[in-house]
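*Asks:* Have a look at this one before I ask anything.
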Number of protein chains: 2
Amino acid sequence: MVNETQQSCSASSSSKSDGGSSSGSESSKDNSRCSTPVLDADRHERLREKMRRRQEAGDKWFSLEFFPPRTANAAVNLISRFDRMGAGGPLFIDVTWHPAGDPGSDKETSSMIIANTAVNYCGLETILHMTCCNQTKDDITGHLQKAKRLGLKNIMALRGDPAGEEWEEEVDGFNHAVDLVKHIRSEFDDYFDICVAGYPKGHPEAESYEADLRHLKEKVFAGADFIITQLFFRPETFLKFMKDCQAIGITCPIIPGIFPIQGYHSLRQLVKLSKLEVPQEIKDVIEPIKDNDAAIRNYGVELSVSMCRELLDSGMVHGLHFYTLNREVATTEVLKRLGLWKEDPRRPLPWAVSAHPKRRVEDVRPIFWASRPKSYIYRTQEWDDFPNGRWGNSSSPAFGELKDYYLFYLKSKSPREELLKMWGEELTGEESVFEVFTCYITGEPNRNGHRVTCMPWNDDPLATETNLLKDQLEKVNRRGILTINSQPNINGKPSTDPIVGWGPSGGYVFQKAYLEFFASSEIITALLKVLKKYELRVNYHIVNVKGQNITNAPDLQPNAVTWGIFPGREIIQPTVVDPVSFLYWKDEAFALWIEQWAKLYEEESPSRMIIQYIHDNYYLVNLVDNDFPLENCLWQVVDDTFELLN
Amino acid sequence: MVNETQQSCSASSSSKSDGGSSSGSESSKDNSRCSTPVLDADRHERLREKMRRRQEAGDKWFSLEFFPPRTANAAVNLISRFDRMGAGGPLFIDVTWHPAGDPGSDKETSSMIIANTAVNYCGLETILHMTCCNQTKDDITGHLQKAKRLGLKNIMALRGDPAGEEWEEEVDGFNHAVDLVKHIRSEFDDYFDICVAGYPKGHPEAESYEADLRHLKEKVFAGADFIITQLFFRPETFLKFMKDCQAIGITCPIIPGIFPIQGYHSLRQLVKLSKLEVPQEIKDVIEPIKDNDAAIRNYGVELSVSMCRELLDSGMVHGLHFYTLNREVATTEVLKRLGLWKEDPRRPLPWAVSAHPKRRVEDVRPIFWASRPKSYIYRTQEWDDFPNGRWGNSSSPAFGELKDYYLFYLKSKSPREELLKMWGEELTGEESVFEVFTCYITGEPNRNGHRVTCMPWNDDPLATETNLLKDQLEKVNRRGILTINSQPNINGKPSTDPIVGWGPSGGYVFQKAYLEFFASSEIITALLKVLKKYELRVNYHIVNVKGQNITNAPDLQPNAVTWGIFPGREIIQPTVVDPVSFLYWKDEAFALWIEQWAKLYEEESPSRMIIQYIHDNYYLVNLVDNDFPLENCLWQVVDDTFELLN
């Protein structure tokens, strides 16, 4: 980029370096000296700006629609699906509004809470649908205020299905989506990006196709930023619609809604709801294979791929919106075949970012929550500003307590029976616990033939990076150094490294070796003796549930353990070992023994008492090797400790 | 350090990580998240705390007393002396109060401004003397308010010499130092550290030695933090005094005032002023050699060394205060022989820090002012807070204009005639300018046999670090790439490295290669073509005096070019290349051609017109090679440019 400009008096001119618009910003720290534009422009931009930037760059994109689930268990599964499908790089997801499901409530299955989870805990740009008919202005305003408070920035404004057979307009009420668009703009100014629905065949209740186009234009002129269309079966349907829109002066983005046919019944149901007709050529293919789900899905994928290709090839379409029906396989398959599914191994930061606007400058976290990012987000949700550049001093806002380990976005994905198979139906001693940790590390099945794919401190299988340390980790876990977090030292690997890389390309990433584990007091006594030899090199912090607290952290300062150097940027140091936060993490880490593991067993049962004993008597330790250019000495520290014990 | 404490509920406990006391703090950002305790504890502590810490550590120290000079030129010299003697590591310096010299004024020779310069521009902990007799409370309060505003934190409270022969106490006035101590404590609470004078032989006007001790106790009990004594000639005089003080309950530090005899006349004058008697054994030595300055000074050094040794060996003395008479040699010699002169090659940061309390968290600066730190401090003196951890976004406070290049702390140390000898009595073309730059780099004498030891952009000979680049710099300056700032790339050298190291030991320092130069438009045209090849690797910024402004800095963000990784700390990145600040620096860099160089010559003279031509037509360029682990490519960029020109 070459900015050659004539400046009359350059020194007094002040350039805005912040790429994003500041409107709609909730961050009170926007102008503080420490707020540097973060690495990932996406975190700054509004959805409509992202769309424009992608379009200008000739970069095709996709988005995914989900509906709120009926049960709490289904919600847990949906959130995992968000994480998995989020990996493919959707520009946004949207969550439909189910008037019958108490959509604005705090229930874990409500539209509001599902959208909240997508934004805050999964870091996905999210549109919340909202329907307005049969609702008061106050209801609607309340929902919108709540959405804003939760960090939602985009609303799909819909009329909704009127209750009862014969619907009559209410005087002064919300009768059409355009009323909702106007209301949002009048009450919330430009805060929300607003999406409205377009009907390529005309709305079934509209007087005519032309009248419906005029309604659409009204919605856009009332303040909508873009349009997502109802599903359709032939590309020409959409392309004609788009031309007709443009002809009457609709210039905003129009995104075609794509419905990959996934089964005979779901198609029939959708057609009934949307009052669309399935073209004869499709019926002709489907009817003969209606009992063969796989065949129908294959056909649906083929059909979608060819339709999408035609749309993209027209040059008029830049993004595709998928009606997923909360399913993964068909949509993912279509996206992969189109080349739009982009599992980018590069991460903007080494941890999953949240998409809440107030967290958009956040770029430092304590390493302790590395495997529990959703818990970290939950415990810091009340903070007004987030560390940017530095963790800062320890007069930081307090961490919220984590009492409810059963919040659906914190819940283990595995049911109780599964956990018992992994962690032992019956424990016979501390050694059986060592074995569980060891099996988790090695990936080998336990003595009952089950693989241990999660632990109370880590809901997912071992990270690729931790695999680098596998042999050493296996050895120490067998002997009762029960590791829950670790990273190798890295002395300047390219930021594009597939395993340890993060941030923009052209940079270099670094790490100090880190090891965090539980261990018995016998081990700790020996460890402390050994650590004397490493006093200048290794920072340690050792705590137990009773509050014993031993550290050599100078002035209780944070220690940066991950950092990256990038072209044309200030240093980014996304993870630190902070002695103050460790005390908050310690409470959570110890509680997980009881909440997730001990409570699987009957009270007073020997298994439960073993876990309780460990909880009451073990120490939680973190070790940092400050000499990142040398060979990691933490394994030597552990070996020396075992040697001393022998 | 092992902090083993029983905490009842550790997670809710909040530890203070800030080692220093927060009283007396002027910084409004103390509790911002970004304020991390800086590397150098000294920058946090009050003088009395530093004294206590040194004493507890058994670490002997020294301090230096200066008086304000009579002329502006003498002030320039004194400031250089502060820089040189500051390198020996005094715990503080103090500046005497000359009632006859308009001591509280803004004159460059006033006590106030000399002390201001020592604190802000030389980064020295400074005590300002203040006398109170014959002054109104309002005068005194005004002086103290001004001192506080300028960042002075320590006052030596004195009575001063009454005007007229027969002095009478004023009712309600300041009659004794104790009145001033009380006034400071009542008006400024605990803001200032207060020092008072002790008289080992008793004050000449006191009724008795005992009465004088009681006065001293009064001063201490009124709020003085420590005592500096009048000079004395025998160690036993001080040791007896100290015991007598302790006997009557004076427990604060008492620092002996040491006067190295430097000449016959200065001794006589001082003795007259202080009404002290020179012991016979000293007179016996001095009288026979009174015309031999060198012999007297040698004797004075010997005497001081042996007296200081005796004081230190007594175990009662932890610091020594030197009456320097604004001279360097004798005091430095004594200190070196005592082993107290500690030229510490380790720097807390790679640039000279200021001791103003509001700058104590400052740890990031643009690299442009690397050789003009006093100018940087001057131009940012109005800022309310200073970058800590990150430079931050470009909505930073504006830089003050630098109009008066003749402010004494910004003035060249060399007189006009000297500069003409170095930079040419007469210039014959741009090439003669290239030659000056080249001679400055090589250290070789110019064609008239004079060495070029300073340049308008750099008042000192080439830095050791720049010497690493000497050969390349010589080559490019000869050809008209007129370098004014550069640093080599460094990929993780120990923080104790004698040339490029900084910060606490045990760390690693890094740099991106940097090169800043003036060049003609022909060179720039070629350079821009060459830079296309290096687009992803090299950040560049090219400006001229007319406001042309070409850069590839992404989003006008700052680029960290020096950083350090230390045990148990967050990352420190003390210098950045900031595209916004560069435009402010550019104005200064171009103005220096005219202010410092062109104006040496007659108006309309050919020499002046050559400099004016360069000022009007050359470009200022900065280049950063982002690939710090690889071999510096900036020389290749320059070579390619010359090749293209050929």
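Convention: chains lettered A, B, ... in structure tokens order; per-chain residue numbering from 1; ligands numbered from 1 as shown.
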Show which residues sit within 7 Å of segment 533-544 of chain B, as a PyMOL selection string. Count only C-alpha atoms, and ignore same-chain residues fewer than 6 positions away.
*Replies:* (chain A and resi 568) or (chain B and resi 550-553+618-627)
*Asks:* As a ChimeraX atom specification, list the residues of segment 246-494 of chain A assigned to helix (DSSP H, G or I) by DSSP on the backbone atoms of this structure.
*Replies:* /A:246-247,264-274,280-289,293-313,329-338,357-359,367-369,373-379,416-423,430-442,464-467,470-478
*Asks:* Excluding Tyr508 of chain A and any residue of its chain fewer than 2 positions from it, enumerate the residues within 10 Å of it, using only C-alpha atoms, and give them as a list in words.
*Replies:*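 Counting only the stated atoms, we get Ile490, Asn491, Gly492, Lys493, Pro494, Ser495, Thr496, Asp497, Gly501, Trp502, Gly503, Pro504, Ser505, Gly506, Phe510, Trp563, Gly564, Ile565, Phe566 and Pro567 of chain A; Asn626, Asp627, Phe628 and Pro629 of chain B.
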*Asks:* Using only N, CA and C atoms, please write the residues we just selected to a file, as a PDB file, in the first residue's frame.
*Replies:*
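Final output, saved to part_21.pdb:
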```pdb
ATOM      1  N   ILE A 490       9.365 -22.283  22.510  1.00  0.00           N
ATOM      2  CA  ILE A 490       9.476 -22.037  21.070  1.00  0.00           C
ATOM      3  C   ILE A 490      10.343 -20.803  20.922  1.00  0.00           C
ATOM      4  N   ASN A 491      11.400 -20.928  20.143  1.00  0.00           N
ATOM      5  CA  ASN A 491      12.302 -19.788  19.967  1.00  0.00           C
ATOM      6  C   ASN A 491      12.215 -19.277  18.533  1.00  0.00           C
ATOM      7  N   GLY A 492      11.107 -18.580  18.243  1.00  0.00           N
ATOM      8  CA  GLY A 492      11.008 -17.940  16.936  1.00  0.00           C
ATOM      9  C   GLY A 492      10.657 -18.860  15.790  1.00  0.00           C
ATOM     10  N   LYS A 493       9.480 -19.489  15.851  1.00  0.00           N
ATOM     11  CA  LYS A 493       9.004 -20.234  14.676  1.00  0.00           C
ATOM     12  C   LYS A 493       8.141 -19.297  13.828  1.00  0.00           C
ATOM     13  N   PRO A 494       8.059 -19.568  12.512  1.00  0.00           N
ATOM     14  CA  PRO A 494       7.215 -18.711  11.669  1.00  0.00           C
ATOM     15  C   PRO A 494       5.768 -18.697  12.175  1.00  0.00           C
ATOM     16  N   SER A 495       5.120 -17.552  12.043  1.00  0.00           N
ATOM     17  CA  SER A 495       3.748 -17.444  12.538  1.00  0.00           C
ATOM     18  C   SER A 495       2.797 -18.322  11.738  1.00  0.00           C
ATOM     19  N   THR A 496       3.246 -18.828  10.598  1.00  0.00           N
ATOM     20  CA  THR A 496       2.411 -19.717   9.797  1.00  0.00           C
ATOM     21  C   THR A 496       2.631 -21.184  10.155  1.00  0.00           C
ATOM     22  N   ASP A 497       3.458 -21.473  11.152  1.00  0.00           N
ATOM     23  CA  ASP A 497       3.689 -22.855  11.557  1.00  0.00           C
ATOM     24  C   ASP A 497       2.345 -23.531  11.844  1.00  0.00           C
ATOM     25  N   GLY A 501       1.874 -21.920  15.214  1.00  0.00           N
ATOM     26  CA  GLY A 501       1.727 -20.579  14.642  1.00  0.00           C
ATOM     27  C   GLY A 501       0.400 -19.915  14.983  1.00  0.00           C
ATOM     28  N   TRP A 502       0.387 -18.608  14.941  1.00  0.00           N
ATOM     29  CA  TRP A 502      -0.825 -17.802  15.097  1.00  0.00           C
ATOM     30  C   TRP A 502      -0.496 -16.405  14.597  1.00  0.00           C
ATOM     31  N   GLY A 503      -1.539 -15.598  14.374  1.00  0.00           N
ATOM     32  CA  GLY A 503      -1.316 -14.219  13.935  1.00  0.00           C
ATOM     33  C   GLY A 503      -1.043 -14.148  12.445  1.00  0.00           C
ATOM     34  N   PRO A 504      -0.868 -12.926  11.926  1.00  0.00           N
ATOM     35  CA  PRO A 504      -0.671 -12.752  10.484  1.00  0.00           C
ATOM     36  C   PRO A 504       0.637 -13.393  10.012  1.00  0.00           C
ATOM     37  N   SER A 505       0.705 -13.653   8.717  1.00  0.00           N
ATOM     38  CA  SER A 505       1.903 -14.309   8.200  1.00  0.00           C
ATOM     39  C   SER A 505       3.069 -13.329   8.197  1.00  0.00           C
ATOM     40  N   GLY A 506       4.267 -13.865   8.077  1.00  0.00           N
ATOM     41  CA  GLY A 506       5.461 -13.023   8.062  1.00  0.00           C
ATOM     42  C   GLY A 506       6.009 -12.748   9.445  1.00  0.00           C
ATOM     43  N   PHE A 510       6.925 -17.079  19.720  1.00  0.00           N
ATOM     44  CA  PHE A 510       7.815 -17.527  20.784  1.00  0.00           C
ATOM     45  C   PHE A 510       6.980 -18.052  21.954  1.00  0.00           C
ATOM     46  N   TRP A 563       4.391 -15.032  22.931  1.00  0.00           N
ATOM     47  CA  TRP A 563       4.399 -13.727  22.295  1.00  0.00           C
ATOM     48  C   TRP A 563       4.744 -13.871  20.825  1.00  0.00           C
ATOM     49  N   GLY A 564       4.399 -12.846  20.066  1.00  0.00           N
ATOM     50  CA  GLY A 564       4.649 -12.893  18.636  1.00  0.00           C
ATOM     51  C   GLY A 564       5.131 -11.547  18.139  1.00  0.00           C
ATOM     52  N   ILE A 565       6.031 -11.588  17.156  1.00  0.00           N
ATOM     53  CA  ILE A 565       6.607 -10.392  16.559  1.00  0.00           C
ATOM     54  C   ILE A 565       6.157 -10.397  15.104  1.00  0.00           C
ATOM     55  N   PHE A 566       5.484  -9.333  14.670  1.00  0.00           N
ATOM     56  CA  PHE A 566       4.914  -9.308  13.327  1.00  0.00           C
ATOM     57  C   PHE A 566       5.386  -8.087  12.560  1.00  0.00           C
ATOM     58  N   PRO A 567       5.366  -8.176  11.224  1.00  0.00           N
ATOM     59  CA  PRO A 567       5.785  -7.012  10.434  1.00  0.00           C
ATOM     60  C   PRO A 567       4.881  -5.817  10.731  1.00  0.00           C
TER      61      PRO A 567
ATOM     62  N   ASN B 626      11.690  -6.297   8.928  1.00  0.00           N
ATOM     63  CA  ASN B 626      10.904  -7.058   9.893  1.00  0.00           C
ATOM     64  C   ASN B 626      11.460  -8.447  10.182  1.00  0.00           C
ATOM     65  N   ASP B 627      12.311  -8.956   9.294  1.00  0.00           N
ATOM     66  CA  ASP B 627      12.805 -10.324   9.482  1.00  0.00           C
ATOM     67  C   ASP B 627      14.053 -10.351  10.339  1.00  0.00           C
ATOM     68  N   PHE B 628      13.868 -10.042  11.623  1.00  0.00           N
ATOM     69  CA  PHE B 628      15.018  -9.910  12.524  1.00  0.00           C
ATOM     70  C   PHE B 628      15.855 -11.177  12.678  1.00  0.00           C
ATOM     71  N   PRO B 629      15.306 -12.399  12.470  1.00  0.00           N
ATOM     72  CA  PRO B 629      16.203 -13.545  12.638  1.00  0.00           C
ATOM     73  C   PRO B 629      17.137 -13.746  11.440  1.00  0.00           C
TER      74      PRO B 629
END
```
*Asks:* Would you mind telling me which residue in B:Glu602, B:Glu430, B:Glu588, B:Asp460 lies nearest to chain A when using only C-alpha atoms?
*Replies:*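 Looking at the shortest contact to chain A, the residue is B:Glu588.
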*Asks:* For the interface of segment 223-269 of chain A with segment 204-217 of chain A (cut-off 10 Å, counting only C-alpha atoms), please tabulate each contacting residue of segment 223-269 of chain A alongside its nearest pair of atoms and their separation in Å to one decimal, rows sorted by chain and increasing number, as JSON lines.
*Replies:*
```
{"residue": "A:Ala224", "atom": "CA", "partner": "A:Lys217", "partner_atom": "CA", "distance": 9.4}
{"residue": "A:Ile227", "atom": "CA", "partner": "A:Leu216", "partner_atom": "CA", "distance": 8.8}
{"residue": "A:Phe241", "atom": "CA", "partner": "A:Leu213", "partner_atom": "CA", "distance": 8.7}
{"residue": "A:Asp244", "atom": "CA", "partner": "A:Leu213", "partner_atom": "CA", "distance": 7.9}
{"residue": "A:Cys245", "atom": "CA", "partner": "A:Leu213", "partner_atom": "CA", "distance": 6.7}
{"residue": "A:Gln246", "atom": "CA", "partner": "A:Lys217", "partner_atom": "CA", "distance": 9.8}
{"residue": "A:Ile248", "atom": "CA", "partner": "A:Lys217", "partner_atom": "CA", "distance": 7.8}
{"residue": "A:Gly249", "atom": "CA", "partner": "A:Lys217", "partner_atom": "CA", "distance": 7.6}
{"residue": "A:Ile250", "atom": "CA", "partner": "A:Lys217", "partner_atom": "CA", "distance": 6.1}
{"residue": "A:Thr251", "atom": "CA", "partner": "A:Lys217", "partner_atom": "CA", "distance": 9.6}
```
*Asks:* Rank B:Pro558, B:Gly173, B:Pro235, B:Pro456 by their smallest atom-to-atom distance to Ser412 of chain B, using only C-alpha atoms, and report the top residue only.
*Replies:*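 Closest candidate: B:Pro456.
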*Asks:* What lies within 9 Å of Pro461 of chain A using only C-alpha atoms, ignoring chain neighbours under 2 positions off, as a list of chain:residue names?
*Replies:*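 So, after excluding close chain neighbours, the residues are A:Tyr440, A:Ile441, A:Gly443, A:Val452, A:Thr453, A:Cys454, A:Met455, A:Asn458, A:Asp459, A:Ala463.
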*Asks:* Limited to all heavy atoms, could you put the picked residues into a file as a compact mmCIF listing (two decimals), in the first residue's frame?
*Replies:*
```
# COMPACT_ATOMS: atom_id res chain seq x y z
N TYR A 440 -5.20 -40.52 29.08
CA TYR A 440 -5.60 -39.32 28.34
C TYR A 440 -4.43 -38.81 27.50
O TYR A 440 -4.58 -38.44 26.34
CB TYR A 440 -6.07 -38.24 29.32
CG TYR A 440 -6.39 -36.93 28.65
CD1 TYR A 440 -7.50 -36.80 27.81
CD2 TYR A 440 -5.58 -35.81 28.85
CE1 TYR A 440 -7.80 -35.60 27.19
CE2 TYR A 440 -5.87 -34.61 28.23
CZ TYR A 440 -6.98 -34.51 27.40
OH TYR A 440 -7.26 -33.32 26.77
N ILE A 441 -3.22 -38.84 28.11
CA ILE A 441 -2.03 -38.36 27.39
C ILE A 441 -1.67 -39.27 26.22
O ILE A 441 -1.43 -38.81 25.11
CB ILE A 441 -0.80 -38.29 28.37
CG1 ILE A 441 -1.04 -37.32 29.51
CG2 ILE A 441 0.48 -37.97 27.61
CD1 ILE A 441 -1.09 -35.87 29.12
N GLY A 443 -3.46 -41.62 24.70
CA GLY A 443 -4.48 -41.99 23.72
C GLY A 443 -4.75 -43.50 23.70
O GLY A 443 -5.59 -43.98 22.95
N VAL A 452 -9.69 -42.44 26.86
CA VAL A 452 -9.99 -41.26 27.68
C VAL A 452 -9.85 -40.03 26.80
O VAL A 452 -8.74 -39.60 26.50
CB VAL A 452 -9.05 -41.19 28.90
CG1 VAL A 452 -9.39 -39.98 29.76
CG2 VAL A 452 -9.11 -42.48 29.71
N THR A 453 -10.96 -39.49 26.34
CA THR A 453 -10.89 -38.40 25.35
C THR A 453 -11.12 -37.02 25.98
O THR A 453 -11.05 -36.01 25.30
CB THR A 453 -11.93 -38.60 24.24
OG1 THR A 453 -13.22 -38.69 24.86
CG2 THR A 453 -11.65 -39.87 23.45
N CYS A 454 -11.45 -37.01 27.26
CA CYS A 454 -11.57 -35.71 27.93
C CYS A 454 -11.24 -35.87 29.39
O CYS A 454 -11.19 -36.98 29.92
CB CYS A 454 -12.96 -35.11 27.72
SG CYS A 454 -14.26 -35.99 28.58
N MET A 455 -10.98 -34.74 30.03
CA MET A 455 -10.69 -34.72 31.46
C MET A 455 -11.49 -33.56 32.06
O MET A 455 -11.96 -32.68 31.32
CB MET A 455 -9.19 -34.50 31.69
CG MET A 455 -8.30 -35.67 31.26
SD MET A 455 -8.54 -37.15 32.26
CE MET A 455 -7.69 -36.71 33.78
N ASN A 458 -10.25 -30.43 30.71
CA ASN A 458 -10.07 -30.33 29.27
C ASN A 458 -11.11 -31.20 28.58
O ASN A 458 -11.03 -32.42 28.65
CB ASN A 458 -8.65 -30.80 28.90
CG ASN A 458 -8.28 -30.33 27.52
OD1 ASN A 458 -9.15 -30.05 26.70
ND2 ASN A 458 -6.99 -30.25 27.27
N ASP A 459 -12.06 -30.54 27.93
CA ASP A 459 -13.18 -31.25 27.34
C ASP A 459 -12.82 -31.90 26.00
O ASP A 459 -13.64 -32.61 25.42
CB ASP A 459 -14.34 -30.27 27.17
CG ASP A 459 -15.67 -31.00 27.30
OD1 ASP A 459 -15.70 -32.06 27.94
OD2 ASP A 459 -16.66 -30.49 26.75
N ALA A 463 -4.31 -31.41 22.69
CA ALA A 463 -3.99 -30.49 21.59
C ALA A 463 -2.76 -30.98 20.84
O ALA A 463 -1.89 -31.64 21.41
CB ALA A 463 -3.71 -29.09 22.15
```
*Asks:* Suppose you want the space between atom CA of Asn73 of chain B and atom CA of Ile296 of chain B; what is it in Å?
*Replies:* 28.1 Å
*Asks:* Write out as a ChimeraX atom specification which residues come within 7 Å of Leu124 of chain A when counting only C-alpha atoms, dropping same-chain ones fewer than 5 positions away.
*Replies:* /A:86,92-93,118-119,355
*Asks:* Pick from B:Ser111, B:Thr131, B:Asn549, B:Asn446: nearest to chain A, with only C-alpha atoms counted?
*Replies:* B:Asn549
*Asks:* Report, in Å to a single decimal, how far apart atom CA of Trp351 of chain B and atom CA of Ile571 of chain B are.
*Replies:*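 These atoms are spaced 16.5 Å apart.
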*Asks:* Pick from B:Ile367, B:Leu180, B:Leu410, B:Met307: nearest to Ser80 of chain B, with only C-alpha atoms counted?
*Replies:*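 With only C-alpha atoms as the atom set, the closest residue is B:Leu410.
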*Asks:* With a cut-off of 9 Å, could you pull out the residues of segment 204-281 of chain A touching segment 324-328 of chain A and give me the nearest pair of atoms for each, distance in Å to one decimal, using only C-alpha atoms, ordered by chain and ascending number, as CSV?
*Replies:*
```
residue,atom,partner,partner_atom,distance
A:Ile258,CA,A:Thr324,CA,8.8
A:Phe259,CA,A:Thr324,CA,7.3
A:Pro260,CA,A:Thr324,CA,7.7
A:Gln262,CA,A:Leu325,CA,8.9
A:Ser266,CA,A:Leu325,CA,8.8
```
*Asks:* Report the distance between atom CA of Arg268 of chain A and atom CA of Glu108 of chain A in Å, rounded to one decimal place.
*Replies:* 29.3 Å
*Asks:* Compile the contact shell of Phe386 of chain B as a list of chain:residue names: residues with an atom at most 7 Å away, counting only C-alpha atoms, same-chain residues fewer than 4 positions apart removed.
*Replies:*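 In the requested format, the answer is B:Arg359, B:Val361, B:Glu362.
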*Asks:* Using only all heavy atoms, please write the residues we just selected to a file, as a PDB file, in the first residue's frame.
*Replies:*
```
ATOM      1  N   ARG B 359       6.315  10.356  34.641  1.00  0.00           N
ATOM      2  CA  ARG B 359       6.897   9.540  33.578  1.00  0.00           C
ATOM      3  C   ARG B 359       7.407   8.206  34.092  1.00  0.00           C
ATOM      4  O   ARG B 359       8.089   7.482  33.372  1.00  0.00           O
ATOM      5  CB  ARG B 359       8.066  10.296  32.913  1.00  0.00           C
ATOM      6  CG  ARG B 359       7.639  11.597  32.252  1.00  0.00           C
ATOM      7  CD  ARG B 359       8.791  12.228  31.496  1.00  0.00           C
ATOM      8  NE  ARG B 359       8.839  11.737  30.157  1.00  0.00           N
ATOM      9  CZ  ARG B 359       8.662  12.492  29.053  1.00  0.00           C
ATOM     10  NH1 ARG B 359       8.432  13.788  29.148  1.00  0.00           N
ATOM     11  NH2 ARG B 359       8.704  11.957  27.872  1.00  0.00           N
ATOM     12  N   VAL B 361       6.089   5.376  34.666  1.00  0.00           N
ATOM     13  CA  VAL B 361       5.667   4.145  33.990  1.00  0.00           C
ATOM     14  C   VAL B 361       6.087   4.130  32.523  1.00  0.00           C
ATOM     15  O   VAL B 361       5.941   3.126  31.840  1.00  0.00           O
ATOM     16  CB  VAL B 361       4.137   3.914  34.064  1.00  0.00           C
ATOM     17  CG1 VAL B 361       3.673   3.830  35.511  1.00  0.00           C
ATOM     18  CG2 VAL B 361       3.383   4.985  33.306  1.00  0.00           C
ATOM     19  N   GLU B 362       6.602   5.257  32.042  1.00  0.00           N
ATOM     20  CA  GLU B 362       6.945   5.349  30.610  1.00  0.00           C
ATOM     21  C   GLU B 362       7.958   4.267  30.223  1.00  0.00           C
ATOM     22  O   GLU B 362       9.031   4.183  30.808  1.00  0.00           O
ATOM     23  CB  GLU B 362       7.549   6.734  30.334  1.00  0.00           C
ATOM     24  CG  GLU B 362       7.948   6.934  28.879  1.00  0.00           C
ATOM     25  CD  GLU B 362       8.629   8.285  28.634  1.00  0.00           C
ATOM     26  OE1 GLU B 362       9.218   8.848  29.586  1.00  0.00           O
ATOM     27  OE2 GLU B 362       8.563   8.771  27.493  1.00  0.00           O
TER      28      GLU B 362
END
```
*Asks:* Would you mind telling me which residue in B:Tyr584, B:Trp635, B:Phe82, B:Phe368 lies nearest to Gly400 of chain B when using only C-alpha atoms?
*Replies:*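 When distances to Gly400 of chain B are compared using only C-alpha atoms, the smallest one comes from B:Tyr584.
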